[in-house]
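Participant: First, the structure itself, so that you have it in front of you.
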Amino acid sequence: MALTVLKNANVLDLDLGELVPARTVIVENGTIREVGDGAGSPSSDSQVLDLRGRTLLPGLIDAHVHVTAFTADFGTLARSSPAYVTAQSARILNRMLLRGFTTVRDVGGADFGLSKAVEEGLFPGPRLLFGGKALSQTGGHGDLRGPGHEAYDAAYTQPGLGVICDGVPEVRKAARAEIRRGANHIKIMGGGGAASPTDRLDSDQFSEEEIKAVVEEAEMANLYTVVHAYSGRTIERAARLGVRSIEHGNYLDEETAKLLKQRGCFLVPTLITYQMSSRHGAKLGMAAESVAKINALISSGIKAVEIAKRHGIPMAYGTDLVGAELHEAQLDEFVLRSEVLSPLELLRSATTVAAELVRLDGRIGRVAAGYCADLIVVEGNPLHDIRVMTRPEQNLRLVMKAGQIVKNDLG
Ligand code: ZN
Ligand code: ZN
């Protein structure tokens, strides 16, 4: 088997928090075989890439995406042809990969078919971890009906992001159905949201019995539960009832932060989606009520990041962008969080911390022997300036996913 050798690499060691210069990385069968000084380098049939001192780091992980959300208008999305949505998703996934994301976790919308299509190489994209449809109560964040609209299309093939279920038997059945379809995690809508027409940001959703039932089903299958949560109360009950991954978390308070730390929860802030939706939402078909709800979330988000940092809560990178155009800002979450986090903390959020969250720790998120060869090369030192990461056209020189080169601009 031919090897790929990346020589003269400044390898970002996320544990040491520094660049290790003049490394040679040997890739074999999609896996990093060795990271060393290059002595005794391999045979002549290997492909050699000279990085000339550029920075080599693990492929990025985005832990909160919706790859099927080609439009910010979820009503339109749900009524679209699944074939059309798949074609849009293929383009969204390809662009994510070309921004340096080699793994993404979809938390509403993507299914086993899309993940399989990427796995089989039918189109290029990051490794796609999915939870199927997000579980929502009637009138919850996954219920897209307006107040005067009764009919609900429960067909699983309609490409909406959520599924409505009420009461313990129904939520159990919905969770079991997603587990049957191969879900990597189970997502629940634990409180109000911006994109849903009839709920309030500060309302809790699902009873404690319902949440407990979903958590139990997920844990029985050795999976974990992910919750959409804004208010302190919503976050508190989810964490207390065993949910592991708290999404958004904008109104996190000091007391709840202590609970998250104690329960080993992860927080996945998604600041960029509020900024982009506020700027472009109306133009892209988002309802006026949704844009108004979003404006209320902008200032609270960064405060939550600051509180979480102080309490030592692991934070993973997440973006939550919807609408094909808005996905372009996927790397700008780094910039927004940099107001309170260091470049090293930011880089860990998108590598080692996110890998731990998605339970692929030891497989992805580091440049080390035995890890999957998900690698990217950037011009410049992101430990000095995180903006190195946010201009892929200029700075991103190589993207390799599982040993396959998908972009090579080393020159
Ligand atoms: Zn959400
Ligand atoms: Zn989301």
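Ligands are numbered from 1 in the order shown, chains are lettered A, B, ... in the order of the structure tokens, and residues start at 1 in each chain.
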Give me the residues within 10 Å of Phe74 of chain A as an NGL selection string, counting only C-alpha atoms and dropping any in the same chain fewer than 3 places off.

Facilitator: :A and (69-71 or 77-80 or 142-144 or 159-162 or 195-196 or 285-286 or 322-323)

Participant: Write the residues of the selection above to a file with N, CA, C and O atoms, as a short mmCIF file (atom, residue, chain, number, x, y, z; two decimals), in the first residue's frame.

Facilitator:
data_model
loop_
_atom_site.label_atom_id
_atom_site.label_comp_id
_atom_site.auth_asym_id
_atom_site.auth_seq_id
_atom_site.Cartn_x
_atom_site.Cartn_y
_atom_site.Cartn_z
N ALA A 69 -30.57 21.91 5.68
CA ALA A 69 -31.28 23.20 5.75
C ALA A 69 -30.76 24.16 4.68
O ALA A 69 -30.07 25.12 4.97
N PHE A 70 -31.16 23.90 3.45
CA PHE A 70 -30.70 24.76 2.34
C PHE A 70 -31.44 26.10 2.36
O PHE A 70 -31.04 27.06 1.73
N THR A 71 -32.55 26.15 3.10
CA THR A 71 -33.29 27.40 3.26
C THR A 71 -33.55 27.64 4.74
O THR A 71 -33.66 26.69 5.52
N LEU A 77 -38.74 24.01 3.49
CA LEU A 77 -37.85 22.83 3.55
C LEU A 77 -38.68 21.55 3.70
O LEU A 77 -38.48 20.58 2.96
N ALA A 78 -39.64 21.57 4.62
CA ALA A 78 -40.44 20.37 4.89
C ALA A 78 -41.30 19.97 3.69
O ALA A 78 -41.62 18.80 3.52
N ARG A 79 -41.65 20.94 2.86
CA ARG A 79 -42.49 20.63 1.70
C ARG A 79 -41.69 20.36 0.43
O ARG A 79 -42.25 20.16 -0.64
N SER A 80 -40.36 20.38 0.54
CA SER A 80 -39.52 20.17 -0.65
C SER A 80 -39.41 18.68 -0.98
O SER A 80 -39.64 17.82 -0.13
N GLY A 142 -39.89 22.04 17.09
CA GLY A 142 -39.91 21.28 15.84
C GLY A 142 -41.27 21.26 15.17
O GLY A 142 -41.48 20.56 14.18
N ASP A 143 -42.21 22.02 15.72
CA ASP A 143 -43.56 22.09 15.14
C ASP A 143 -43.66 23.37 14.32
O ASP A 143 -43.68 24.47 14.87
N LEU A 144 -43.72 23.22 13.01
CA LEU A 144 -43.64 24.40 12.13
C LEU A 144 -45.00 24.94 11.71
O LEU A 144 -45.08 25.85 10.90
N PRO A 159 -38.87 16.17 4.29
CA PRO A 159 -37.53 16.53 4.79
C PRO A 159 -37.49 17.65 5.83
O PRO A 159 -36.59 18.47 5.80
N GLY A 160 -38.41 17.69 6.77
CA GLY A 160 -38.33 18.65 7.86
C GLY A 160 -37.27 18.24 8.87
O GLY A 160 -36.72 17.13 8.80
N LEU A 161 -36.99 19.14 9.81
CA LEU A 161 -35.91 18.87 10.77
C LEU A 161 -36.41 18.12 12.00
O LEU A 161 -35.62 17.56 12.74
N GLY A 162 -37.73 18.12 12.21
CA GLY A 162 -38.23 17.55 13.46
C GLY A 162 -39.37 16.57 13.27
O GLY A 162 -39.93 16.43 12.18
N ALA A 195 -36.82 29.79 15.15
CA ALA A 195 -37.35 29.46 13.82
C ALA A 195 -38.76 28.86 13.87
O ALA A 195 -39.39 28.69 12.84
N SER A 196 -39.25 28.55 15.05
CA SER A 196 -40.58 27.94 15.18
C SER A 196 -41.63 29.03 15.39
O SER A 196 -41.40 29.95 16.17
N GLY A 285 -36.24 34.74 3.68
CA GLY A 285 -37.54 34.10 3.89
C GLY A 285 -37.85 33.75 5.32
O GLY A 285 -38.84 33.09 5.61
N MET A 286 -37.02 34.21 6.26
CA MET A 286 -37.31 33.93 7.66
C MET A 286 -38.44 34.87 8.10
O MET A 286 -38.47 36.05 7.74
N VAL A 322 -28.32 28.05 8.87
CA VAL A 322 -29.34 27.50 7.97
C VAL A 322 -29.48 28.43 6.77
O VAL A 322 -29.26 29.64 6.88
N GLY A 323 -29.80 27.85 5.63
CA GLY A 323 -29.83 28.62 4.39
C GLY A 323 -28.48 28.50 3.72
O GLY A 323 -27.45 28.73 4.35
#

Participant: Using only C-alpha atoms and all ligand atoms, which residues of the polymer chains come no farther than 10 Å from ligand 2? I'd like the answer as a list in words.

Facilitator: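 Using only C-alpha atoms and all ligand atoms, everything at most 10 Å from ligand 2 comes to Ala63, His64, Val65, His66, Ala69, Asp106, Val107, Gly108, Gly109, Ala134, Leu161, Lys187, Met189, Gly193, Ala195, Val227, His228, Glu247, His248, Thr270, Thr273, Gly318, Thr319, Asp320, Leu321 and Val322 of chain A.
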
Participant: Can I get the selection written as a CSV table (one decimal), in the first residue's frame, with C-alpha atoms?

Facilitator:
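Ended up saving to selection-v5.csv:
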chain,number,residue,atom,x,y,z
A,63,ALA,CA,-20.8,19.8,16.4
A,64,HIS,CA,-23.9,21.7,15.5
A,65,VAL,CA,-25.0,21.7,11.8
A,66,HIS,CA,-28.1,21.2,9.8
A,69,ALA,CA,-31.3,23.2,5.8
A,106,ASP,CA,-26.0,17.1,12.3
A,107,VAL,CA,-28.6,17.8,15.1
A,108,GLY,CA,-31.8,17.7,13.0
A,109,GLY,CA,-32.5,16.7,9.4
A,134,ALA,CA,-35.2,16.2,16.4
A,161,LEU,CA,-35.9,18.9,10.8
A,187,LYS,CA,-31.9,15.3,19.7
A,189,MET,CA,-36.3,20.3,21.6
A,193,GLY,CA,-36.7,28.6,19.6
A,195,ALA,CA,-37.4,29.5,13.8
A,227,VAL,CA,-31.0,19.3,23.8
A,228,HIS,CA,-32.0,22.6,22.1
A,247,GLU,CA,-27.0,23.3,22.4
A,248,HIS,CA,-27.0,27.2,22.3
A,270,THR,CA,-23.8,28.8,18.2
A,273,THR,CA,-26.2,31.8,13.5
A,318,GLY,CA,-21.0,24.7,16.7
A,319,THR,CA,-22.6,27.0,14.1
A,320,ASP,CA,-26.2,26.1,13.5
A,321,LEU,CA,-26.3,28.0,10.2
A,322,VAL,CA,-29.3,27.5,8.0

Participant: So, counting only C-alpha atoms, which residue among A:Val291, A:Ala22, A:Ile61, A:Ala324 is closest to Ala9 of chain A?

Facilitator: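 For Ala9 of chain A, the nearest of the candidates is A:Ala22.
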
Participant: What is the distance between atom CA of Ser115 of chain A and atom CA of Leu129 of chain A, in Å to one decimal?

Facilitator: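 Going from atom CA of Ser115 of chain A over to atom CA of Leu129 of chain A covers 7.0 Å.
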
Participant: Within 9 Å of segment 197-206 of chain A, counting only C-alpha atoms, which residues qualify if same-chain residues fewer than 2 places away don't, as a PyMOL selection string?

Facilitator: chain A and resi 136-137+139-141+143-147+166-167+188-195+208-211+229-234+237+287+289-290+293
